[in-house]
Amino acid sequence: MSLTSTSTSDSDQTGVVGSWFDAQRSTPRPAILSRETDGSWRVTVGDEHITGAASDVQVTDRLGTVPRRLRWPGGAEFDTPDNDGIDRLLGRSPAVAAFVDRLERGWTTALASLLILVALSALFIEYGLPALSRQIAMLVPHRVEAGLGTRVLEWVDTMLLDDSSLEQDTRARLTTAFDGMTSSLDDGYAYRLLFRGGALGPNAMALPGGIVIVTDDLVKLARHDEEILAVLAHEIGHVRGRHTLRHLVQASGVSALAVVLLGDLSQITALATAAPALLEMRHARDLEREADGFAREWLRTHGMAESRFDDMLCRLAASTGGADSAMPSFMSSHPPVDERAACRPAEDQR
Amino acid sequence: MTAPDSVPDAEASPAHHVEPPALTANAAPGMGADETGPPVEPLPPEPRTIPFEFHGRGGEYFRIWIVNVLLSVLTLGIYSAWAKVRRQRYFLGNTALDGSRFDYHGQPMAILKGRVLAVMAYLAFTVSGNISPVLALVMAVLLLIAVPWIAIRARMFQMFMTSWRGLRFGFRATYRDAFIAELLWPLLGAITGGLLLPYGIWKASRFQVNSASYGAQPFRYTGGAWGFYRPLLEAGALMLLAIGWVVLILTFGDASLTDDDYAGTHPERLVAAVIVGVVLVMVAISHAQAHLTNALLSGIIIGPHRLVSSLRTLPLLTIGVTNLLLMVLTLGLFYPWARVRALRYQLDHLHVHVQGDLAAFTAAAGPATGPFGEAVGDVFDLDLDFGF
């Protein structure tokens, strides 16, 4: 860079008006920017000229109506709101910067970007995330899963469940049947059947790592042991498919997507991320269908009637009754019972 | 480079002293001053109030935002570093003081490197937790030790990459001071059940401001601790009122009914009680937000100049609630407008009481900072907002 004090100018007359800052003091000085024939930049401040080679001076990329800056090495800069003027002097902007600016400037490209984003998000939630969460869940060692299951058990025991009040005989009979079911599976899980009481009503749940819990009410609701075995098979299906882990990964995946799209984790976006969590309920229902499939398959291959599963599911739905049907299907974690099972009148069930 | 009009004493003047000759040149003539003797000290110039201005527009930022999100997604996150530079340049470049815009100098590659390092550190932290609890504990202690360092580096990057009128902002702090401000005071605030919390926020604010500088001019914090106690006490009182109200309605609303019956037979009363409670809580949060920001910013002195922030509870609450509703109704698409609205309100109520003029600051030799702290601050949310 050179500094001259001549007031003659050999560059063209189409200068760009702006301010010059010398990086020494916070004093703005009116200045005119032009370009020499050899391509170097030239700033006229009063009767002084500051020049800089095109390779030394950095021109900021165009961004909305933000003022353009030419940054000299050492921090001095020329600043102008005349974006078109700078583009004219530049001749050709760097290709990528010009492309991004063109995308950002028009509403058509903005709306196209929005549509592409919506489509990509939908594809990701529909196909990418379930596949990804399955892969991730399968990577988790059995030991870690078992540890997670133990902690969940501690939590439900404190918060939800009481000790079982079932007859010792009943428990022993069902435990033997359960052990018979699981010993042949040989899938690396240490299965354990637990009986619990409490206000949860007729229910059963599978915890990661192989713990299966049935409530006293469910055992009492069953009219045949095979009905209970059908439910246990459904829960074993959850364990084998690592559904708890997959559900966890998928749910956090949807929230993570919202955070990525909205850019940060402010108060507002944190609330907005709750909405997409509802989408995840659809996948939860897919996992239920998968477990249903395992239960039916198991009943078939062990010479039991599939109708045992239907009967039990229908009776469960009837016993919990109104609460379930009042919930709109998109908010429920289980598919509606008439889709999962063929219900028949009680007198046909034996 | 050679400055066109180099100031002879610019390099030599002490860093803490900004009373350059230019100030006296602009001084208003003093009334009744003794003009006969030799000038002992020039009279202080007439003070002026200069407002901050924000020129960003929601529609314009929406287009920039949506394109940058798409490019970030298509490049699997790599473009997000470039997007961050564009976002910072948009907000700083649209903020003006005394006719001059702020500017952002962060380089995408530096931000990208920092983000990669931060993600790797995060993964190491997460994985170690699964391998052994001892290793996880060691990692947690290491992270705790690193927190003050990360906070300093994040702040250094953020401030140094910001400029106004060709001069950079700066941030310089010792590990010890950051440790006390960022770890010790929050801890004391927590174990005293919040009694020392406002005092801790005041200490942290003082540390943040007193470590900052513009050019060669250090910032100074003059606000007292009461400025933080008062809004938090008032907000706390409103919260108690909200809790008291809901409990009162539920207990004495209709004594003949049990809780279950109550919710079942008079749901509208329950809903009304909860709505009033929620509104009170939101008023309390907005009140604390407005007046804590005022206490922080209005205590800042830069040379002879003082910042004045005059946010008020109800406008802030209105903006917050409408932003939230519109965000939910548009599934998040209102986000760019929400950001622009919030920032415009804040900057419309930020002024500088100027003594002399703002053209007399001089440059300092700025510290070169690595980007590591910057990006770690992003992932661990240590990127503290300073209000620009």
# chains A, B, ... in the order shown; residues from 1 in each chain; ligands from 1
>>> residues_around(residues="stretch 289-298 of chain B", least_positions_apart="6", cutoff="7 Å", atoms="only C-alpha atoms", output="list of chain:residue names")
B:Ser205, B:Gly223, B:Gly227, B:Phe228, B:Pro231, B:Leu307, B:Val308, B:Ser309, B:Ser310, B:Leu311, B:Arg312, B:Thr313, B:Leu316
>>> select_by_dssp(residues="stretch 53-284 of chain B", states="strand (DSSP E)", output="list in words")
Glu53, Phe54, Thr95, Ala96, Leu97, Ser100, Arg101, Phe102, Asp103, Tyr104, Thr162, Ser163, Trp164, Leu167, Arg168, Phe169, Gly170, Phe171, Ala212, Ser213, Tyr214, Gln217, Pro218, Phe219, Arg220 and Tyr221 of chain B
>>> write_last_selection(atoms="N, CA, C and O atoms", output="compact mmCIF listing (two decimals), in the first residue's frame")
# COMPACT_ATOMS: atom_id res chain seq x y z
N GLU B 53 -29.43 2.33 17.22
CA GLU B 53 -30.48 2.13 16.22
C GLU B 53 -30.35 0.72 15.66
O GLU B 53 -29.24 0.24 15.46
N PHE B 54 -31.48 0.10 15.39
CA PHE B 54 -31.45 -1.23 14.77
C PHE B 54 -32.17 -1.19 13.43
O PHE B 54 -33.31 -0.75 13.35
N THR B 95 -26.83 -2.85 13.51
CA THR B 95 -26.88 -2.06 14.73
C THR B 95 -25.97 -0.85 14.55
O THR B 95 -24.80 -1.00 14.20
N ALA B 96 -26.54 0.33 14.77
CA ALA B 96 -25.76 1.55 14.55
C ALA B 96 -25.73 2.38 15.82
O ALA B 96 -26.68 2.38 16.61
N LEU B 97 -24.60 3.08 16.02
CA LEU B 97 -24.48 4.06 17.09
C LEU B 97 -23.82 5.29 16.49
O LEU B 97 -22.76 5.17 15.84
N SER B 100 -22.70 5.06 12.84
CA SER B 100 -21.76 4.04 12.38
C SER B 100 -22.24 2.65 12.81
O SER B 100 -22.67 2.47 13.95
N ARG B 101 -22.11 1.69 11.87
CA ARG B 101 -22.55 0.33 12.16
C ARG B 101 -21.47 -0.47 12.88
O ARG B 101 -20.28 -0.22 12.70
N PHE B 102 -21.90 -1.45 13.66
CA PHE B 102 -20.97 -2.41 14.24
C PHE B 102 -20.59 -3.43 13.17
O PHE B 102 -21.21 -3.50 12.11
N ASP B 103 -19.56 -4.23 13.45
CA ASP B 103 -19.10 -5.20 12.45
C ASP B 103 -18.61 -6.45 13.16
O ASP B 103 -18.22 -6.41 14.34
N TYR B 104 -18.66 -7.57 12.42
CA TYR B 104 -18.21 -8.85 12.98
C TYR B 104 -17.08 -9.39 12.11
O TYR B 104 -17.18 -9.39 10.89
N THR B 162 -15.74 -8.31 17.40
CA THR B 162 -16.69 -7.21 17.20
C THR B 162 -15.94 -5.89 17.09
O THR B 162 -14.99 -5.66 17.85
N SER B 163 -16.35 -5.06 16.14
CA SER B 163 -15.68 -3.77 16.01
C SER B 163 -16.71 -2.67 15.73
O SER B 163 -17.85 -2.93 15.33
N TRP B 164 -16.28 -1.45 15.99
CA TRP B 164 -17.08 -0.26 15.68
C TRP B 164 -16.11 0.84 15.28
O TRP B 164 -15.11 1.07 15.99
N LEU B 167 -12.28 0.05 15.30
CA LEU B 167 -11.59 -0.36 16.51
C LEU B 167 -12.28 -1.61 17.09
O LEU B 167 -13.51 -1.70 17.10
N ARG B 168 -11.45 -2.54 17.58
CA ARG B 168 -11.98 -3.79 18.12
C ARG B 168 -12.36 -3.64 19.59
O ARG B 168 -11.75 -2.87 20.33
N PHE B 169 -13.35 -4.42 19.99
CA PHE B 169 -13.61 -4.60 21.42
C PHE B 169 -12.64 -5.64 21.95
O PHE B 169 -12.02 -6.36 21.18
N GLY B 170 -12.49 -5.72 23.25
CA GLY B 170 -11.55 -6.69 23.81
C GLY B 170 -12.06 -7.24 25.13
O GLY B 170 -13.03 -6.73 25.73
N PHE B 171 -11.40 -8.30 25.59
CA PHE B 171 -11.75 -8.91 26.87
C PHE B 171 -10.50 -9.57 27.43
O PHE B 171 -9.84 -10.35 26.75
N ALA B 212 -13.79 -6.00 30.08
CA ALA B 212 -14.01 -5.67 28.67
C ALA B 212 -13.39 -4.32 28.34
O ALA B 212 -13.08 -3.52 29.22
N SER B 213 -13.19 -4.10 27.05
CA SER B 213 -12.62 -2.83 26.62
C SER B 213 -13.06 -2.52 25.20
O SER B 213 -13.49 -3.41 24.46
N TYR B 214 -12.97 -1.24 24.84
CA TYR B 214 -13.16 -0.82 23.45
C TYR B 214 -11.92 -0.05 23.05
O TYR B 214 -11.58 0.97 23.67
N GLN B 217 -9.62 1.68 25.60
CA GLN B 217 -10.41 2.16 26.74
C GLN B 217 -11.08 1.01 27.48
O GLN B 217 -11.98 0.37 26.95
N PRO B 218 -10.67 0.73 28.72
CA PRO B 218 -11.35 -0.32 29.48
C PRO B 218 -12.76 0.11 29.88
O PRO B 218 -13.01 1.30 30.10
N PHE B 219 -13.67 -0.85 29.97
CA PHE B 219 -15.01 -0.58 30.51
C PHE B 219 -14.90 -0.54 32.04
O PHE B 219 -14.03 -1.17 32.62
N ARG B 220 -15.80 0.19 32.65
CA ARG B 220 -15.84 0.18 34.10
C ARG B 220 -17.28 -0.02 34.55
O ARG B 220 -18.20 0.52 33.93
N TYR B 221 -17.47 -0.82 35.59
CA TYR B 221 -18.82 -1.06 36.08
C TYR B 221 -19.06 -0.29 37.36
O TYR B 221 -18.29 -0.39 38.31
>>> interface_residues(of="chain B", to="chain A", cutoff="9 Å", atoms="only C-alpha atoms", output="VMD selection string")
chain B and resid 1 to 7 10 to 11 55 to 56 60 to 71 73 77 86 89 to 94 100 to 101 103 130 164 to 168 215 320 323 to 324 327 to 328 331 to 333 335 358 to 364 378 381
>>> write_last_selection(atoms="C-alpha atoms", output="PDB file, in the first residue's frame")
ATOM      1  CA  MET B   1       0.442   0.616   7.277  1.00  0.00           C
ATOM      2  CA  THR B   2       0.892   4.310   7.627  1.00  0.00           C
ATOM      3  CA  ALA B   3      -2.025   6.248   8.935  1.00  0.00           C
ATOM      4  CA  PRO B   4      -3.028   9.181   6.744  1.00  0.00           C
ATOM      5  CA  ASP B   5      -3.182  11.511   9.708  1.00  0.00           C
ATOM      6  CA  SER B   6      -1.193   9.761  12.353  1.00  0.00           C
ATOM      7  CA  VAL B   7      -1.766  10.974  15.875  1.00  0.00           C
ATOM      8  CA  ALA B  10      -1.845   7.667  20.107  1.00  0.00           C
ATOM      9  CA  GLU B  11       0.676   4.932  20.830  1.00  0.00           C
ATOM     10  CA  HIS B  55     -32.053  -1.511  11.024  1.00  0.00           C
ATOM     11  CA  GLY B  56     -32.729  -5.264  10.701  1.00  0.00           C
ATOM     12  CA  GLU B  60     -35.084  -9.916   5.213  1.00  0.00           C
ATOM     13  CA  TYR B  61     -33.691 -11.980   8.058  1.00  0.00           C
ATOM     14  CA  PHE B  62     -36.199 -14.766   7.377  1.00  0.00           C
ATOM     15  CA  ARG B  63     -34.789 -15.224   3.877  1.00  0.00           C
ATOM     16  CA  ILE B  64     -31.195 -15.210   5.136  1.00  0.00           C
ATOM     17  CA  TRP B  65     -32.084 -17.592   7.961  1.00  0.00           C
ATOM     18  CA  ILE B  66     -34.014 -20.158   5.906  1.00  0.00           C
ATOM     19  CA  VAL B  67     -31.333 -20.309   3.185  1.00  0.00           C
ATOM     20  CA  ASN B  68     -28.591 -20.720   5.784  1.00  0.00           C
ATOM     21  CA  VAL B  69     -30.516 -23.465   7.582  1.00  0.00           C
ATOM     22  CA  LEU B  70     -31.006 -25.324   4.299  1.00  0.00           C
ATOM     23  CA  LEU B  71     -27.329 -25.003   3.334  1.00  0.00           C
ATOM     24  CA  VAL B  73     -28.557 -29.219   6.560  1.00  0.00           C
ATOM     25  CA  GLY B  77     -23.656 -28.967   9.512  1.00  0.00           C
ATOM     26  CA  ARG B  86     -23.588 -14.269   8.354  1.00  0.00           C
ATOM     27  CA  ARG B  89     -22.720  -9.840  10.585  1.00  0.00           C
ATOM     28  CA  TYR B  90     -26.453  -9.326  10.016  1.00  0.00           C
ATOM     29  CA  PHE B  91     -27.256  -8.363  13.600  1.00  0.00           C
ATOM     30  CA  LEU B  92     -24.107  -6.345  14.314  1.00  0.00           C
ATOM     31  CA  GLY B  93     -24.066  -4.790  10.831  1.00  0.00           C
ATOM     32  CA  ASN B  94     -27.634  -3.586  11.333  1.00  0.00           C
ATOM     33  CA  SER B 100     -21.760   4.037  12.381  1.00  0.00           C
ATOM     34  CA  ARG B 101     -22.553   0.331  12.163  1.00  0.00           C
ATOM     35  CA  ASP B 103     -19.102  -5.196  12.449  1.00  0.00           C
ATOM     36  CA  ASN B 130     -20.456 -45.356  29.678  1.00  0.00           C
ATOM     37  CA  TRP B 164     -17.078  -0.264  15.677  1.00  0.00           C
ATOM     38  CA  ARG B 165     -15.486   2.490  13.649  1.00  0.00           C
ATOM     39  CA  GLY B 166     -12.486   0.358  12.871  1.00  0.00           C
ATOM     40  CA  LEU B 167     -11.588  -0.365  16.513  1.00  0.00           C
ATOM     41  CA  ARG B 168     -11.983  -3.786  18.115  1.00  0.00           C
ATOM     42  CA  GLY B 215      -9.945   0.062  21.696  1.00  0.00           C
ATOM     43  CA  GLY B 320     -42.314 -12.235  24.718  1.00  0.00           C
ATOM     44  CA  ASN B 323     -43.479 -13.994  19.960  1.00  0.00           C
ATOM     45  CA  LEU B 324     -44.141 -17.267  21.752  1.00  0.00           C
ATOM     46  CA  MET B 327     -43.814 -19.213  17.077  1.00  0.00           C
ATOM     47  CA  VAL B 328     -46.168 -21.980  18.183  1.00  0.00           C
ATOM     48  CA  LEU B 331     -44.408 -24.125  13.937  1.00  0.00           C
ATOM     49  CA  GLY B 332     -41.301 -22.028  14.496  1.00  0.00           C
ATOM     50  CA  LEU B 333     -41.311 -20.111  11.198  1.00  0.00           C
ATOM     51  CA  TYR B 335     -38.486 -17.228  14.668  1.00  0.00           C
ATOM     52  CA  LEU B 358     -17.416   9.295  20.366  1.00  0.00           C
ATOM     53  CA  ALA B 359     -14.685   9.958  17.807  1.00  0.00           C
ATOM     54  CA  ALA B 360     -11.804  10.147  20.267  1.00  0.00           C
ATOM     55  CA  PHE B 361     -11.204   6.495  21.174  1.00  0.00           C
ATOM     56  CA  THR B 362      -7.832   5.067  20.260  1.00  0.00           C
ATOM     57  CA  ALA B 363      -6.719   1.599  19.226  1.00  0.00           C
ATOM     58  CA  ALA B 364      -5.134  -0.998  21.475  1.00  0.00           C
ATOM     59  CA  ASP B 378     -21.828 -22.576  22.008  1.00  0.00           C
ATOM     60  CA  ASP B 381     -24.285 -22.610  26.301  1.00  0.00           C
TER      61      ASP B 381
END
>>> atom_distance(atom1="atom CA of B:Gly277", atom2="atom CA of A:Leu160")
29.0 Å
>>> atom_distance(atom1="atom CA of A:Val219", atom2="atom CA of A:Tyr191")
18.8 Å
>>> closest_residue(among="A:Ala204, A:Ala54, A:Leu193, A:Leu185", to="A:Asp38", atoms="only C-alpha atoms")
A:Ala54
>>> select_by_dssp(residues="stretch 82-320 of chain A", states="alpha helix (DSSP H)", output="VMD selection string")
chain A and resid 83 to 90 95 to 105 107 to 123 129 to 139 142 to 159 168 to 183 216 to 221 225 to 240 243 to 262 267 to 272 274 to 301 307 to 320
>>> atom_distance(atom1="atom CA of B:Glu46", atom2="atom CA of B:His349")
21.8 Å
>>> residues_around(residues="A:Ala190", least_positions_apart="2", cutoff="9 Å", atoms="only C-alpha atoms", output="count of residues only")
8
>>> closest_residue(among="A:Cys314, A:Val254, A:Ile86, A:Ala295", to="A:Ser133", atoms="only C-alpha atoms")
A:Val254
>>> residues_around(residues="A:Val239", least_positions_apart="6", cutoff="10 Å", atoms="only C-alpha atoms", output="list of chain:residue names")
A:Glu145, A:Tyr189, A:Tyr191, A:Met205, A:Ala206, A:Leu207, A:Pro208, A:Gly209, A:Gly210, A:Ile211, A:Val212, A:Ala233, A:Leu245, A:Ala291
>>> write_last_selection(atoms="N, CA and C atoms", output="PDB file, in the first residue's frame")
ATOM      1  N   GLU A 145     -27.615 -51.724  28.821  1.00  0.00           N
ATOM      2  CA  GLU A 145     -29.081 -51.819  28.809  1.00  0.00           C
ATOM      3  C   GLU A 145     -29.609 -52.300  30.156  1.00  0.00           C
ATOM      4  N   TYR A 189     -30.074 -61.854  26.602  1.00  0.00           N
ATOM      5  CA  TYR A 189     -30.728 -61.104  27.673  1.00  0.00           C
ATOM      6  C   TYR A 189     -30.973 -61.994  28.876  1.00  0.00           C
ATOM      7  N   TYR A 191     -33.512 -62.585  31.223  1.00  0.00           N
ATOM      8  CA  TYR A 191     -34.925 -62.248  31.445  1.00  0.00           C
ATOM      9  C   TYR A 191     -35.323 -62.499  32.894  1.00  0.00           C
ATOM     10  N   MET A 205     -45.171 -54.264  31.543  1.00  0.00           N
ATOM     11  CA  MET A 205     -44.171 -53.428  30.884  1.00  0.00           C
ATOM     12  C   MET A 205     -42.843 -54.141  30.779  1.00  0.00           C
ATOM     13  N   ALA A 206     -42.107 -53.765  29.743  1.00  0.00           N
ATOM     14  CA  ALA A 206     -40.782 -54.337  29.518  1.00  0.00           C
ATOM     15  C   ALA A 206     -39.760 -53.252  29.769  1.00  0.00           C
ATOM     16  N   LEU A 207     -38.740 -53.569  30.590  1.00  0.00           N
ATOM     17  CA  LEU A 207     -37.661 -52.618  30.821  1.00  0.00           C
ATOM     18  C   LEU A 207     -36.449 -53.058  30.013  1.00  0.00           C
ATOM     19  N   PRO A 208     -35.588 -52.123  29.649  1.00  0.00           N
ATOM     20  CA  PRO A 208     -34.405 -52.507  28.878  1.00  0.00           C
ATOM     21  C   PRO A 208     -33.588 -53.540  29.635  1.00  0.00           C
ATOM     22  N   GLY A 209     -33.057 -54.525  28.946  1.00  0.00           N
ATOM     23  CA  GLY A 209     -32.187 -55.511  29.571  1.00  0.00           C
ATOM     24  C   GLY A 209     -32.888 -56.793  29.984  1.00  0.00           C
ATOM     25  N   GLY A 210     -34.225 -56.858  29.904  1.00  0.00           N
ATOM     26  CA  GLY A 210     -34.902 -58.135  30.102  1.00  0.00           C
ATOM     27  C   GLY A 210     -35.859 -58.233  31.274  1.00  0.00           C
ATOM     28  N   ILE A 211     -36.049 -57.144  32.045  1.00  0.00           N
ATOM     29  CA  ILE A 211     -37.004 -57.197  33.144  1.00  0.00           C
ATOM     30  C   ILE A 211     -38.418 -57.004  32.596  1.00  0.00           C
ATOM     31  N   VAL A 212     -39.322 -57.956  32.919  1.00  0.00           N
ATOM     32  CA  VAL A 212     -40.722 -57.818  32.512  1.00  0.00           C
ATOM     33  C   VAL A 212     -41.575 -57.743  33.780  1.00  0.00           C
ATOM     34  N   ALA A 233     -45.209 -62.496  25.924  1.00  0.00           N
ATOM     35  CA  ALA A 233     -44.517 -62.588  24.639  1.00  0.00           C
ATOM     36  C   ALA A 233     -44.425 -61.206  23.995  1.00  0.00           C
ATOM     37  N   LEU A 245     -34.888 -48.187  24.064  1.00  0.00           N
ATOM     38  CA  LEU A 245     -33.755 -47.403  23.566  1.00  0.00           C
ATOM     39  C   LEU A 245     -34.106 -46.711  22.257  1.00  0.00           C
ATOM     40  N   ALA A 291     -44.076 -55.449  18.396  1.00  0.00           N
ATOM     41  CA  ALA A 291     -44.162 -56.357  19.545  1.00  0.00           C
ATOM     42  C   ALA A 291     -45.378 -57.270  19.427  1.00  0.00           C
TER      43      ALA A 291
END
>>> closest_residue(among="B:Gly356, B:Gly299, B:Pro315, B:Pro198", to="B:Ala342", atoms="only C-alpha atoms")
B:Pro315
>>> closest_residue(among="B:Ala124, B:Leu76, B:Phe157, B:Ala151", to="B:Ile111", atoms="only C-alpha atoms")
B:Phe157
